[in-house]
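See structure below.
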Amino acid sequence: MTLPAGVERHDFGGETSLATQGQPVYGERTDGDWRRWDPHRSKLGAMLEQGMETGLEGDETVLYLGAAAGTTVSHVADFAGPTYAVEFAPRPVRELLDAAESRQNLFPLLKDARKPESYAHVVEPVDVVVQDVATRGQARVAALNKRFLTDDGRLLAAIKARSEDVTADPADVFDNVREELSAEYELLETARLDPYHEDHLGIVARPRED
């Protein structure tokens with residue numbers, strides 16, 4: 001598994017962890033300019049820790065869906081190019097704006113990922129869509145936002161089983177999501193994100209031709 005340029009394994013007081021260079025955002029450990037990328041706080045970080053082949057190389061244009069307070073998207077902006085961060089809830093967006101102050105390539109958008117037409121006039125074609133939305137219909141969100149991906153782009157999604165159906169077996173939920181996603185995407189790799197995130201599935205996919 002190859003890490004993108006700008007992401008390295010770094011020693012923090014005897015503990016080796018993924019890290020990026022940038023201003024700290026969520027109280028993570030730092031060493032000079034390096035900041036620890038905590039996989040327990042970040043689904044994309046967990047996907048990298050699990051060795052998933054994300055296809056990330058560095059300097060990509062990124063659309064991040066479900067940016068919340070900026071924990072993961074701040075790391076992404078540390079190594080990526082223009083990074084559009086969509087978050088629907090006003091409260092975490094305030095913290096997201098703080099994270100963007102030191103990152104000129106990070107553009108917070110107070111929008112609903114289920115309504116991409118509301119930000120289509122702002123977001124350029126992107127190399128990567130990162131999705132971490134805790135809502136029912138996560139495959140539908142990915143399908144709706146496929147419009148932004150370049151032909152050889154990547155979807156990196158973290159599917160939360162409990163958001164789809166709190167009573168169902170997560171394995172059944174993941175099967176259903178994979179089947180629904182397959183109509184719009186070619187699934188390249190899937191993996192459970194335990195022990196970092198219980199009942200989550202990491203997905204790497206690329207868009208099918210329309």
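Chain labels run A, B, ... following the order of the structure tokens; each chain numbers its residues from 1, and ligands are numbered from 1 in the order shown.
Omitting A:Thr20 and its sequence neighbours fewer than 3 positions away, and counting only C-alpha atoms, the residues within 10 Å are Ala5, Gly6, Val7, Glu8, Arg9, His10, Gln23, Pro24, Thr30, Asp33, Trp34, Arg35, Arg36, Trp37, Ser74, His75, Val76, Ala77, Asp78 and Phe79 of chain A.
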Please produce an output containing C-alpha atoms for each residue in the selection, written as a PDB file, in the first residue's frame.
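Final output, saved to result.pdb:
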```
ATOM      1  CA  ALA A   5       2.726  12.263  -1.148  1.00  0.00           C
ATOM      2  CA  GLY A   6       2.441  14.406   1.974  1.00  0.00           C
ATOM      3  CA  VAL A   7       1.371  11.512   4.210  1.00  0.00           C
ATOM      4  CA  GLU A   8       4.069   9.673   6.126  1.00  0.00           C
ATOM      5  CA  ARG A   9       4.517   7.378   9.066  1.00  0.00           C
ATOM      6  CA  HIS A  10       5.995   9.521  11.801  1.00  0.00           C
ATOM      7  CA  GLN A  23      -1.823  23.294  11.809  1.00  0.00           C
ATOM      8  CA  PRO A  24      -3.407  21.017  14.471  1.00  0.00           C
ATOM      9  CA  THR A  30       2.265  17.017  17.008  1.00  0.00           C
ATOM     10  CA  ASP A  33       4.956  20.610  11.624  1.00  0.00           C
ATOM     11  CA  TRP A  34       3.788  16.993  11.699  1.00  0.00           C
ATOM     12  CA  ARG A  35       0.364  16.170  13.150  1.00  0.00           C
ATOM     13  CA  ARG A  36      -0.827  12.680  14.010  1.00  0.00           C
ATOM     14  CA  TRP A  37      -3.647  11.348  11.852  1.00  0.00           C
ATOM     15  CA  SER A  74      -8.055  18.988   7.428  1.00  0.00           C
ATOM     16  CA  HIS A  75      -5.599  16.110   6.943  1.00  0.00           C
ATOM     17  CA  VAL A  76      -6.804  15.694   3.365  1.00  0.00           C
ATOM     18  CA  ALA A  77      -6.270  19.388   2.662  1.00  0.00           C
ATOM     19  CA  ASP A  78      -2.732  19.062   4.056  1.00  0.00           C
ATOM     20  CA  PHE A  79      -1.711  16.839   1.111  1.00  0.00           C
TER      21      PHE A  79
END
```
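Around A:Gly66, within 7 Å and counting only C-alpha atoms, the residues found are Val86, Glu87, Gln131, Asp132 and Val133 of chain A, once anything fewer than 4 positions away on its own chain is removed.
Distance-wise, atom CA of A:Val128 and atom CA of A:Leu63 end up 6.3 Å apart.
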Residues near A:Arg192, anyone? I mean within 7 Å using only C-alpha atoms, not counting same-chain ones fewer than 3 positions away, as a PyMOL selection string.
chain A and resi 200-202
Let's have the selection written as a PDB file, in the first residue's frame, with all heavy atoms.
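Generated file (selection_9.pdb):
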```pdb
ATOM      1  N   HIS A 200     -18.556  -0.299  10.387  1.00  0.00           N
ATOM      2  CA  HIS A 200     -18.310   0.566   9.234  1.00  0.00           C
ATOM      3  C   HIS A 200     -17.610  -0.247   8.144  1.00  0.00           C
ATOM      4  O   HIS A 200     -16.799  -1.128   8.436  1.00  0.00           O
ATOM      5  CB  HIS A 200     -17.412   1.751   9.598  1.00  0.00           C
ATOM      6  CG  HIS A 200     -18.108   2.852  10.319  1.00  0.00           C
ATOM      7  ND1 HIS A 200     -18.482   2.752  11.659  1.00  0.00           N
ATOM      8  CD2 HIS A 200     -18.515   4.084   9.903  1.00  0.00           C
ATOM      9  CE1 HIS A 200     -19.062   3.877  12.028  1.00  0.00           C
ATOM     10  NE2 HIS A 200     -19.095   4.702  10.986  1.00  0.00           N
ATOM     11  N   LEU A 201     -17.930   0.082   6.902  1.00  0.00           N
ATOM     12  CA  LEU A 201     -17.299  -0.552   5.747  1.00  0.00           C
ATOM     13  C   LEU A 201     -16.608   0.506   4.909  1.00  0.00           C
ATOM     14  O   LEU A 201     -17.211   1.516   4.524  1.00  0.00           O
ATOM     15  CB  LEU A 201     -18.358  -1.258   4.886  1.00  0.00           C
ATOM     16  CG  LEU A 201     -17.819  -2.022   3.666  1.00  0.00           C
ATOM     17  CD1 LEU A 201     -17.129  -3.308   4.115  1.00  0.00           C
ATOM     18  CD2 LEU A 201     -18.956  -2.327   2.689  1.00  0.00           C
ATOM     19  N   GLY A 202     -15.324   0.311   4.630  1.00  0.00           N
ATOM     20  CA  GLY A 202     -14.594   1.183   3.720  1.00  0.00           C
ATOM     21  C   GLY A 202     -14.743   0.685   2.293  1.00  0.00           C
ATOM     22  O   GLY A 202     -14.683  -0.527   2.040  1.00  0.00           O
TER      23      GLY A 202
END
```
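Ranking A:Ser17, A:Thr71, A:Thr2, A:Ser42 by their shortest atom-to-atom distance to A:His197, with only C-alpha atoms included, puts A:Ser42 first.
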DSSP strand (DSSP E) selection over stretch 100-153 of chain A, as number ranges by chain
A: 106-110, 126-131, 149-153
Using backbone DSSP assignments, extract all alpha helix (DSSP H) residues from chain A; output them as number ranges by chain.
A: 43-49, 71-79, 90-101, 138-144, 161-164, 170-181
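Between A:Gln50 and the residues A:Val123, A:Ala100, A:Leu65, A:Leu3, the shortest atom-to-atom distance, using only C-alpha atoms, involves A:Leu3.
Distances from A:Leu144, A:Ile203, A:Val62, A:Leu188 to A:Ile159 were compared using only C-alpha atoms, and the smallest one belongs to A:Ile203.
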